[in-house]
Structures are given as C-alpha cells and as structure tokens.
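What follows is one structure encoded as structure tokens, with my remarks underneath.
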Amino acid sequence: MIALTPTVVTQNVAYPFDKNTTSTPFIPTKLPTSNSNGAWTYAIEEILVCEIDDGCWEYASSNPFYVIVDRDSGRVTPSQTVDVIVTVTVTITATQAATTKHAGITSTANLVLDPPPPVSPVVSRALAYPMDKNTLSQPFSPISLPLSNSDGAWTYASSNPAMTSVDRNSGEVTGTGIAGTVTITATQAATKRYTTITTTATATFRAMRVGDTGPGGGKVFYDAGTTQSWGRYLEAAPTDYQVNGSRASVVWGCPETYTGATATAIGTGKANTTTILTKCTTAGIAARVAADYRGGGKSDWFLPSIDELNELCKIYSNGRTDTTQYAGNQNGCTGNMFPTGGFAADYYWSSSESFASTVAMGLQFRYGIYNILSRNYFMSVYYVRPVRAF
C-alpha cells in the first residue's frame, strides 16, 4: 500500500472584514491552496470525499443562522438578519478531500460580521398637546406621546423655555404666564438598530378670556385687554356668600360712619374694600365676608365696586327687553328674571359708598339697575359675591 503524501496548506482561506449581517453575498479574499493540485469543491456542514484522484475543498459554516456558504465557490451569503445587535464571528471551514496521492486537510477562517447599520425608525404616533390652554393653566401632559418602532428613550425640549418649560422625561408642559406658541421637540435616542429621530408638536398658551376659570377657582368675568395698575382680569367666586351652605344676605355696615370708599370704576373695588375695613371693623359686614373668602387658597378677594358689579350683571343677568323704563339707571345690563352663574334676581352690595354715611350703591339683578341702598342695620341686608383681580 502506497502511503499518501502529507497535504500542506500553503494559503489559508480568508474573508473580508467590512461585512455585516445584511451585506450582499461576497467571495473569499483568499482561496485556500495546498501542495495538492486537485480541483476545489465546496460543501456546507459536511466533508465531501472527492472520487477523483486530486483533492477538492468543501466549505461548512459553523453558524448557518448568520451565513450560508456556497459549497463550490466559498461565496458567503449573509442571512439578512436585522435583529443582530452584536458583532458575530463565524468560523468558515474549507476542507480538501483526500486523494489517491494526498491526505485530506482543512483550512479555517474567522469571518467577523458587524451588526447591520442603524436605520431611521418610523414614527407611528405623533406627539400632540391640547389646544385649549391659557396662560394660567396648570401644567399639562401631552394628549399623545410619540411612538416608533425603536425602543430608544424619548426626551423633550422647548423652543422657548422662557415662555414654556417642558419636563425632559415626561413631556409635561408648564407655562410661565406668557401667551404664545412654542414648539416642543421630542427626540428618541439612537439604539444599535435605529438612528435618532425627532418629532415636534406645538403647545399654545392663549390669553385668559371671559368664562375661563381663574386662579382663585372662580370664573373670569372681565378682561381689561392689557395690564392695568390693578391687574388685567377680574374673577368672581363660584357662589354668593353663604352660611351653612345657603346664600346669606348681610349689611353693608357702620351706617353712621363715612368711610370715603366712593370709587366706582373697574379696578377700584379692592381699594374700596380695604378702606371700608379700616374704618368699619364690625364683623359680618359685606366687605368683611368678601375679604374673608378663601377660594383657590387666595386671600385677596374683595367686595366689587359698582362698575365691577355691573360687569357681573351684564354677563349673568342680562337680556330683558321689558325694563326700558329703568334705562336711566342701567349701564349695559337690562336684568333677568333667572340669572345664571348662581346669582339671585335680587340686590347685591357693591363696595362703592354713596354721598352720605347712611347709603351705599347696590345693583338689582332682576332689572339691571343701580340703586342707592340704605345701610340701616335692620332694613338693608343684601347679597354679596366676592371677586378678585389678577
């Protein structure tokens, strides 16, 4: 029996180093050679014994999940696996079969496959914020959080932090009291599979308007249009002054004392109330119960001036067409038999004192009329609706 000549590999198989699991098929950078002059053939995951006198090579992949190796050429076809997020090393084995002259032999190469390059994620749900917020709205969250096919973390930023701040992690928006529109940008962090991506939404803070809920929990009933020395807006408490849950009427107070709280214009009710309480310390009077109201945790409520009270009448007790005989004592409010806003079709005190210590101004919501009301303790008890300015 003739002994086979040892086969010596003179060049090992080699593969390129710049491929990933989604690369197109590629061939070895070096084909194996040996001292055998047999033809080369290739096989996957098996050793092929050539039946010809000269040896042949076959190739097998140690991890066919990631690559497939062509048995004849050694060409590698990546599996197009996109879920790979780590570098994969695959050992490719080239086997030359024994011949009648030479023994069989193998040559191996480590093929390193990088993860596929990150791709841009697809946003399937956009960022969105509510559209009905004003400059005094409490902090609010998005009505729709962004969503994509990436699992990267989202962060948020405001285009104008001086006007609107945004929580970096939750997207919750907090206004600073300035009206306007800001752009909130949501950024999703890059991952091994996906690049970073951004999506935007606008958050608008409009100016307060009549009918909005004020910071004291009442309803805004007057907007001066611009900031005045006393503020810009007036809000009214949700209910009249109450005792044990029921509307209660009170006296104006101190009928023998002239307080000097004679201002009537919008914006003067607060000063009137302060003046009254300085001159009249009697408990339970109209100015006192209004000032003691603590709606919304606020301590700056007051008894409205006659013009401020008239603004309430215009909104909540207006619309009658059969009170024209009182036109001389009306100022844009014609009264209503059934006022809204929890008001009664009756008299309300203002903080505007009249020309003498015994009278003050009030407004009859049933008819929309101003009137000079007696401050007599026993005869003159009327309702009070606290208001505040901001």
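Labeling convention for the structure tokens: chains A, B, ... as they appear, residues from 1 per chain, ligands from 1 in order of appearance.
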I'd like a table as JSON lines: residues in region 163-258 of chain A with an atom no more than 10 Å from region 297-313 of chain A, each row giving the shortest atom pair and its distance in Å to one decimal, only C-alpha atoms counted, sorted by chain and rising residue number.
{"residue": "A:Pro215", "atom": "CA", "partner": "A:Lys298", "partner_atom": "CA", "distance": 8.3}
{"residue": "A:Gly216", "atom": "CA", "partner": "A:Lys298", "partner_atom": "CA", "distance": 6.0}
{"residue": "A:Gly217", "atom": "CA", "partner": "A:Gly297", "partner_atom": "CA", "distance": 8.9}
{"residue": "A:Val220", "atom": "CA", "partner": "A:Leu312", "partner_atom": "CA", "distance": 9.7}
{"residue": "A:Phe221", "atom": "CA", "partner": "A:Leu312", "partner_atom": "CA", "distance": 6.4}
{"residue": "A:Tyr222", "atom": "CA", "partner": "A:Glu311", "partner_atom": "CA", "distance": 7.0}
{"residue": "A:Leu234", "atom": "CA", "partner": "A:Glu308", "partner_atom": "CA", "distance": 8.3}
{"residue": "A:Glu235", "atom": "CA", "partner": "A:Trp301", "partner_atom": "CA", "distance": 9.4}
{"residue": "A:Ala236", "atom": "CA", "partner": "A:Leu312", "partner_atom": "CA", "distance": 8.1}
{"residue": "A:Ala237", "atom": "CA", "partner": "A:Trp301", "partner_atom": "CA", "distance": 8.7}
Write a file of the selected residues as a compact mmCIF listing (two decimals), in the first residue's frame, keeping all heavy atoms.
# COMPACT_ATOMS: atom_id res chain seq x y z
N PRO A 215 -57.39 81.74 38.68
CA PRO A 215 -56.51 81.08 39.66
C PRO A 215 -57.15 80.90 41.02
O PRO A 215 -56.70 80.07 41.81
CB PRO A 215 -55.29 82.00 39.73
CG PRO A 215 -55.74 83.31 39.18
CD PRO A 215 -56.81 83.01 38.19
N GLY A 216 -58.21 81.66 41.30
CA GLY A 216 -58.92 81.50 42.57
C GLY A 216 -60.07 80.52 42.50
O GLY A 216 -60.82 80.36 43.47
N GLY A 217 -60.23 79.87 41.35
CA GLY A 217 -61.31 78.90 41.20
C GLY A 217 -62.62 79.49 40.74
O GLY A 217 -63.61 78.78 40.57
N VAL A 220 -63.68 84.02 35.21
CA VAL A 220 -63.26 85.33 34.75
C VAL A 220 -64.46 86.03 34.12
O VAL A 220 -65.12 85.47 33.23
CB VAL A 220 -62.12 85.20 33.73
CG1 VAL A 220 -61.74 86.56 33.15
CG2 VAL A 220 -60.89 84.56 34.39
N PHE A 221 -64.74 87.25 34.57
CA PHE A 221 -65.89 87.97 34.02
C PHE A 221 -65.50 89.30 33.39
O PHE A 221 -66.34 89.98 32.80
CB PHE A 221 -66.97 88.20 35.09
CG PHE A 221 -66.58 89.14 36.21
CD1 PHE A 221 -66.86 90.50 36.13
CD2 PHE A 221 -65.93 88.65 37.34
CE1 PHE A 221 -66.52 91.36 37.16
CE2 PHE A 221 -65.59 89.51 38.37
CZ PHE A 221 -65.87 90.87 38.28
N TYR A 222 -64.22 89.65 33.48
CA TYR A 222 -63.79 90.91 32.87
C TYR A 222 -62.32 90.82 32.47
O TYR A 222 -61.49 90.30 33.21
CB TYR A 222 -63.98 92.08 33.85
CG TYR A 222 -63.56 93.42 33.26
CD1 TYR A 222 -64.39 94.09 32.36
CD2 TYR A 222 -62.34 94.00 33.59
CE1 TYR A 222 -64.01 95.30 31.80
CE2 TYR A 222 -61.95 95.22 33.04
CZ TYR A 222 -62.79 95.87 32.15
OH TYR A 222 -62.42 97.06 31.59
N LEU A 234 -60.66 90.16 36.13
CA LEU A 234 -61.47 90.02 37.33
C LEU A 234 -62.15 88.66 37.30
O LEU A 234 -62.68 88.25 36.26
CB LEU A 234 -62.53 91.11 37.43
CG LEU A 234 -62.04 92.55 37.65
CD1 LEU A 234 -63.22 93.53 37.54
CD2 LEU A 234 -61.35 92.70 38.99
N GLU A 235 -62.11 87.96 38.40
CA GLU A 235 -62.85 86.69 38.51
C GLU A 235 -63.80 86.78 39.69
O GLU A 235 -63.53 87.46 40.68
CB GLU A 235 -61.92 85.49 38.67
CG GLU A 235 -61.14 85.44 39.97
CD GLU A 235 -60.41 84.10 40.16
OE1 GLU A 235 -61.00 83.04 39.90
OE2 GLU A 235 -59.23 84.15 40.59
N ALA A 236 -64.93 86.08 39.56
CA ALA A 236 -65.95 86.06 40.61
C ALA A 236 -65.98 84.70 41.27
O ALA A 236 -65.81 83.66 40.61
CB ALA A 236 -67.33 86.38 40.02
N ALA A 237 -66.21 84.69 42.57
CA ALA A 237 -66.36 83.42 43.30
C ALA A 237 -67.49 82.61 42.68
O ALA A 237 -68.43 83.17 42.11
CB ALA A 237 -66.65 83.70 44.77
Which polymer residues have any atom within 10 Å of an atom of Pro142 (chain A), counting only C-alpha atoms, with same-chain residues fewer than 4 positions away left out, as a list in words? Leu127, Ala128, Tyr129, Pro130, Pro146, Ser170, Gly171, Glu172, Val173, Ala201 and Ala203 of chain A
Write the selection just made, keeping N, CA, C and O atoms, as a PDB file, in the first residue's frame?
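This is the output file part-v4.pdb:
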ATOM      1  N   LEU A 127     -46.459  63.211  18.479  1.00  0.00           N
ATOM      2  CA  LEU A 127     -46.604  63.977  19.715  1.00  0.00           C
ATOM      3  C   LEU A 127     -47.707  65.015  19.528  1.00  0.00           C
ATOM      4  O   LEU A 127     -47.814  65.647  18.473  1.00  0.00           O
ATOM      5  N   ALA A 128     -48.548  65.200  20.534  1.00  0.00           N
ATOM      6  CA  ALA A 128     -49.625  66.198  20.431  1.00  0.00           C
ATOM      7  C   ALA A 128     -49.964  66.731  21.806  1.00  0.00           C
ATOM      8  O   ALA A 128     -49.869  66.017  22.818  1.00  0.00           O
ATOM      9  N   TYR A 129     -50.362  68.002  21.842  1.00  0.00           N
ATOM     10  CA  TYR A 129     -50.755  68.669  23.078  1.00  0.00           C
ATOM     11  C   TYR A 129     -52.162  69.239  22.943  1.00  0.00           C
ATOM     12  O   TYR A 129     -52.608  69.532  21.831  1.00  0.00           O
ATOM     13  N   PRO A 130     -52.876  69.417  24.070  1.00  0.00           N
ATOM     14  CA  PRO A 130     -54.208  70.033  24.000  1.00  0.00           C
ATOM     15  C   PRO A 130     -54.115  71.466  23.505  1.00  0.00           C
ATOM     16  O   PRO A 130     -53.096  72.134  23.669  1.00  0.00           O
ATOM     17  N   PRO A 146     -45.270  60.317  21.552  1.00  0.00           N
ATOM     18  CA  PRO A 146     -44.754  59.748  20.303  1.00  0.00           C
ATOM     19  C   PRO A 146     -44.422  58.270  20.450  1.00  0.00           C
ATOM     20  O   PRO A 146     -44.047  57.813  21.528  1.00  0.00           O
ATOM     21  N   SER A 170     -40.941  63.442  30.734  1.00  0.00           N
ATOM     22  CA  SER A 170     -42.363  63.130  30.570  1.00  0.00           C
ATOM     23  C   SER A 170     -43.055  63.944  29.490  1.00  0.00           C
ATOM     24  O   SER A 170     -44.128  63.580  29.025  1.00  0.00           O
ATOM     25  N   GLY A 171     -42.467  65.094  29.105  1.00  0.00           N
ATOM     26  CA  GLY A 171     -43.115  65.964  28.137  1.00  0.00           C
ATOM     27  C   GLY A 171     -44.149  66.876  28.751  1.00  0.00           C
ATOM     28  O   GLY A 171     -44.831  67.620  28.034  1.00  0.00           O
ATOM     29  N   GLU A 172     -44.288  66.862  30.081  1.00  0.00           N
ATOM     30  CA  GLU A 172     -45.260  67.750  30.739  1.00  0.00           C
ATOM     31  C   GLU A 172     -44.840  69.202  30.550  1.00  0.00           C
ATOM     32  O   GLU A 172     -43.680  69.551  30.710  1.00  0.00           O
ATOM     33  N   VAL A 173     -45.815  70.031  30.202  1.00  0.00           N
ATOM     34  CA  VAL A 173     -45.548  71.428  29.855  1.00  0.00           C
ATOM     35  C   VAL A 173     -46.043  72.341  30.970  1.00  0.00           C
ATOM     36  O   VAL A 173     -47.121  72.137  31.519  1.00  0.00           O
ATOM     37  N   ALA A 201     -44.297  69.076  18.102  1.00  0.00           N
ATOM     38  CA  ALA A 201     -45.694  69.481  18.274  1.00  0.00           C
ATOM     39  C   ALA A 201     -45.690  70.885  18.863  1.00  0.00           C
ATOM     40  O   ALA A 201     -44.704  71.325  19.448  1.00  0.00           O
ATOM     41  N   ALA A 203     -47.356  73.763  21.424  1.00  0.00           N
ATOM     42  CA  ALA A 203     -48.155  73.991  22.631  1.00  0.00           C
ATOM     43  C   ALA A 203     -48.482  75.480  22.664  1.00  0.00           C
ATOM     44  O   ALA A 203     -47.572  76.317  22.645  1.00  0.00           O
TER      45      ALA A 203
END
Can you check which residues of region 164-318 of chain A DSSP gives as alpha helix (DSSP H) on the backbone and send them as number ranges by chain? A: 269-279, 286-291, 306-316
Just the selected residues (C-alpha atoms), exported as a PDB file, in the first residue's frame, please.
ATOM      1  CA  GLY A 269     -63.130  97.505  44.387  1.00  0.00           C
ATOM      2  CA  LYS A 270     -60.032  96.210  46.156  1.00  0.00           C
ATOM      3  CA  ALA A 271     -59.046  99.651  47.433  1.00  0.00           C
ATOM      4  CA  ASN A 272     -62.639 100.376  48.436  1.00  0.00           C
ATOM      5  CA  THR A 273     -62.772  97.176  50.460  1.00  0.00           C
ATOM      6  CA  THR A 274     -59.522  97.985  52.233  1.00  0.00           C
ATOM      7  CA  THR A 275     -60.798 101.470  53.052  1.00  0.00           C
ATOM      8  CA  ILE A 276     -64.095 100.147  54.400  1.00  0.00           C
ATOM      9  CA  LEU A 277     -62.412  97.609  56.655  1.00  0.00           C
ATOM     10  CA  THR A 278     -60.067 100.257  58.012  1.00  0.00           C
ATOM     11  CA  LYS A 279     -62.976 102.484  59.023  1.00  0.00           C
ATOM     12  CA  ALA A 286     -70.371  92.898  53.260  1.00  0.00           C
ATOM     13  CA  ALA A 287     -66.758  93.985  52.832  1.00  0.00           C
ATOM     14  CA  ARG A 288     -65.585  91.652  55.610  1.00  0.00           C
ATOM     15  CA  VAL A 289     -67.289  88.485  54.345  1.00  0.00           C
ATOM     16  CA  ALA A 290     -65.994  89.185  50.826  1.00  0.00           C
ATOM     17  CA  ALA A 291     -62.421  89.759  52.057  1.00  0.00           C
ATOM     18  CA  ILE A 306     -70.436  99.249  41.434  1.00  0.00           C
ATOM     19  CA  ASP A 307     -68.942  99.158  37.912  1.00  0.00           C
ATOM     20  CA  GLU A 308     -67.328  95.781  38.606  1.00  0.00           C
ATOM     21  CA  LEU A 309     -70.667  94.517  39.919  1.00  0.00           C
ATOM     22  CA  ASN A 310     -72.331  95.799  36.750  1.00  0.00           C
ATOM     23  CA  GLU A 311     -69.930  93.677  34.644  1.00  0.00           C
ATOM     24  CA  LEU A 312     -71.194  90.638  36.524  1.00  0.00           C
ATOM     25  CA  CYS A 313     -74.765  91.686  35.812  1.00  0.00           C
ATOM     26  CA  LYS A 314     -74.034  92.077  32.095  1.00  0.00           C
ATOM     27  CA  ILE A 315     -72.760  88.503  31.880  1.00  0.00           C
ATOM     28  CA  TYR A 316     -75.032  86.633  34.266  1.00  0.00           C
TER      29      TYR A 316
END
Residues within 8 Å of Asp132 (chain A), please, as number ranges by chain. Count only C-alpha atoms; anything in the same chain fewer than 5 positions from it doesn't count. A: 204-206
Filtering to all heavy atoms, could you give me those residues as a PDB file, in the first residue's frame?
ATOM      1  N   THR A 204     -49.750  75.782  22.683  1.00  0.00           N
ATOM      2  CA  THR A 204     -50.193  77.173  22.611  1.00  0.00           C
ATOM      3  C   THR A 204     -50.837  77.596  23.928  1.00  0.00           C
ATOM      4  O   THR A 204     -51.690  76.886  24.467  1.00  0.00           O
ATOM      5  CB  THR A 204     -51.202  77.366  21.471  1.00  0.00           C
ATOM      6  OG1 THR A 204     -50.570  77.022  20.226  1.00  0.00           O
ATOM      7  CG2 THR A 204     -51.687  78.809  21.404  1.00  0.00           C
ATOM      8  N   PHE A 205     -50.385  78.735  24.406  1.00  0.00           N
ATOM      9  CA  PHE A 205     -50.991  79.338  25.593  1.00  0.00           C
ATOM     10  C   PHE A 205     -51.655  80.639  25.147  1.00  0.00           C
ATOM     11  O   PHE A 205     -50.976  81.594  24.787  1.00  0.00           O
ATOM     12  CB  PHE A 205     -49.928  79.637  26.653  1.00  0.00           C
ATOM     13  CG  PHE A 205     -49.338  78.408  27.274  1.00  0.00           C
ATOM     14  CD1 PHE A 205     -48.275  77.750  26.672  1.00  0.00           C
ATOM     15  CD2 PHE A 205     -49.844  77.899  28.447  1.00  0.00           C
ATOM     16  CE1 PHE A 205     -47.724  76.616  27.231  1.00  0.00           C
ATOM     17  CE2 PHE A 205     -49.306  76.756  29.023  1.00  0.00           C
ATOM     18  CZ  PHE A 205     -48.248  76.113  28.424  1.00  0.00           C
ATOM     19  N   ARG A 206     -52.961  80.629  25.155  1.00  0.00           N
ATOM     20  CA  ARG A 206     -53.683  81.846  24.789  1.00  0.00           C
ATOM     21  C   ARG A 206     -53.869  82.724  26.017  1.00  0.00           C
ATOM     22  O   ARG A 206     -53.716  82.278  27.157  1.00  0.00           O
ATOM     23  CB  ARG A 206     -55.033  81.504  24.190  1.00  0.00           C
ATOM     24  CG  ARG A 206     -55.928  80.691  25.106  1.00  0.00           C
ATOM     25  CD  ARG A 206     -57.348  80.588  24.563  1.00  0.00           C
ATOM     26  NE  ARG A 206     -58.165  79.708  25.372  1.00  0.00           N
ATOM     27  CZ  ARG A 206     -58.706  80.033  26.527  1.00  0.00           C
ATOM     28  NH1 ARG A 206     -58.509  81.249  27.034  1.00  0.00           N
ATOM     29  NH2 ARG A 206     -59.452  79.173  27.207  1.00  0.00           N
TER      30      ARG A 206
END
Separation of CA of Gly342 (chain A) from CA of Gly214 (chain A) in Å: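 CA of Gly342 (chain A) lies 16.7 Å from CA of Gly214 (chain A).
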Using only C-alpha atoms, pick whichever of A:Arg125, A:Lys19, A:Arg247, A:Lys30 has the shortest atom-to-atom distance to Pro78 (chain A).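 Smallest distance to Pro78 (chain A) is found for A:Lys19.
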Selection near Arg375 (chain A), 8 Å with only C-alpha atoms, sequence-local residues under 4 positions removed, as a PyMOL selection string: chain A and resi 251-255+358-360+379-380
Can you spit out the residues from that selection as a PDB file, in the first residue's frame, using C-alpha atoms?
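File out-v8.pdb, as written:
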ATOM      1  CA  VAL A 251     -75.493  94.517  55.905  1.00  0.00           C
ATOM      2  CA  TRP A 252     -73.078  96.968  54.314  1.00  0.00           C
ATOM      3  CA  GLY A 253     -72.112  98.093  57.805  1.00  0.00           C
ATOM      4  CA  CYS A 254     -71.398 101.101  60.022  1.00  0.00           C
ATOM      5  CA  PRO A 255     -74.331 103.306  58.901  1.00  0.00           C
ATOM      6  CA  THR A 358     -76.106 106.160  55.535  1.00  0.00           C
ATOM      7  CA  VAL A 359     -76.183 104.814  51.976  1.00  0.00           C
ATOM      8  CA  ALA A 360     -74.120 102.713  49.548  1.00  0.00           C
ATOM      9  CA  MET A 379     -83.722  97.039  56.959  1.00  0.00           C
ATOM     10  CA  SER A 380     -80.912  96.655  54.447  1.00  0.00           C
TER      11      SER A 380
END
Would you mind reading off the distance between CA of Trp230 (chain A) and CA of Ser249 (chain A), one decimal, in Å?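 If I compute the distance from CA of Trp230 (chain A) to CA of Ser249 (chain A), I get 27.9 Å.
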Which residues, written as a PyMOL selection string, have at least one atom at most 6 Å from Ala186 (chain A), with only C-alpha atoms counted and residues fewer than 4 positions away on the same chain left out? chain A and resi 155-156+198-200
Spatial neighbours of Ser165 (chain A), 8 Å, only C-alpha atoms, chain gap at least 4 places, as a ChimeraX atom specification: /A:157-158,160-161,173-176
Could you write those residues out with N, CA and C atoms, as a PDB file, in the first residue's frame?
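Generated output (result_4.pdb):
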ATOM      1  N   ALA A 157     -37.855  68.867  24.694  1.00  0.00           N
ATOM      2  CA  ALA A 157     -37.246  70.185  24.858  1.00  0.00           C
ATOM      3  C   ALA A 157     -38.168  71.243  24.284  1.00  0.00           C
ATOM      4  N   SER A 158     -38.132  72.440  24.884  1.00  0.00           N
ATOM      5  CA  SER A 158     -38.962  73.561  24.457  1.00  0.00           C
ATOM      6  C   SER A 158     -38.142  74.517  23.609  1.00  0.00           C
ATOM      7  N   ASN A 160     -38.730  77.596  23.508  1.00  0.00           N
ATOM      8  CA  ASN A 160     -38.683  78.879  24.225  1.00  0.00           C
ATOM      9  C   ASN A 160     -38.918  78.622  25.711  1.00  0.00           C
ATOM     10  N   PRO A 161     -37.883  78.183  26.433  1.00  0.00           N
ATOM     11  CA  PRO A 161     -38.063  77.875  27.862  1.00  0.00           C
ATOM     12  C   PRO A 161     -38.517  79.069  28.692  1.00  0.00           C
ATOM     13  N   VAL A 173     -45.815  70.031  30.202  1.00  0.00           N
ATOM     14  CA  VAL A 173     -45.548  71.428  29.855  1.00  0.00           C
ATOM     15  C   VAL A 173     -46.043  72.341  30.970  1.00  0.00           C
ATOM     16  N   THR A 174     -45.224  73.345  31.294  1.00  0.00           N
ATOM     17  CA  THR A 174     -45.590  74.336  32.292  1.00  0.00           C
ATOM     18  C   THR A 174     -45.418  75.720  31.699  1.00  0.00           C
ATOM     19  N   GLY A 175     -46.498  76.489  31.667  1.00  0.00           N
ATOM     20  CA  GLY A 175     -46.419  77.851  31.166  1.00  0.00           C
ATOM     21  C   GLY A 175     -45.831  78.791  32.202  1.00  0.00           C
ATOM     22  N   THR A 176     -45.386  79.947  31.751  1.00  0.00           N
ATOM     23  CA  THR A 176     -44.828  80.953  32.647  1.00  0.00           C
ATOM     24  C   THR A 176     -45.680  82.211  32.683  1.00  0.00           C
TER      25      THR A 176
END
Could you tell me, as a ChimeraX atom specification, which residues of region 46-292 of chain A DSSP assigns to strand (DSSP E) when given the backbone? /A:57-61,67-69,76-78,88-96,105-114,123-125,133-134,147-148,154-158,164-166,173-175,180-188,197-206,219-228,231-236,242-243,246-247
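Taking CA of Arg209 (chain A) and CA of Asn134 (chain A) as the two end points, the separation is 8.5 Å.
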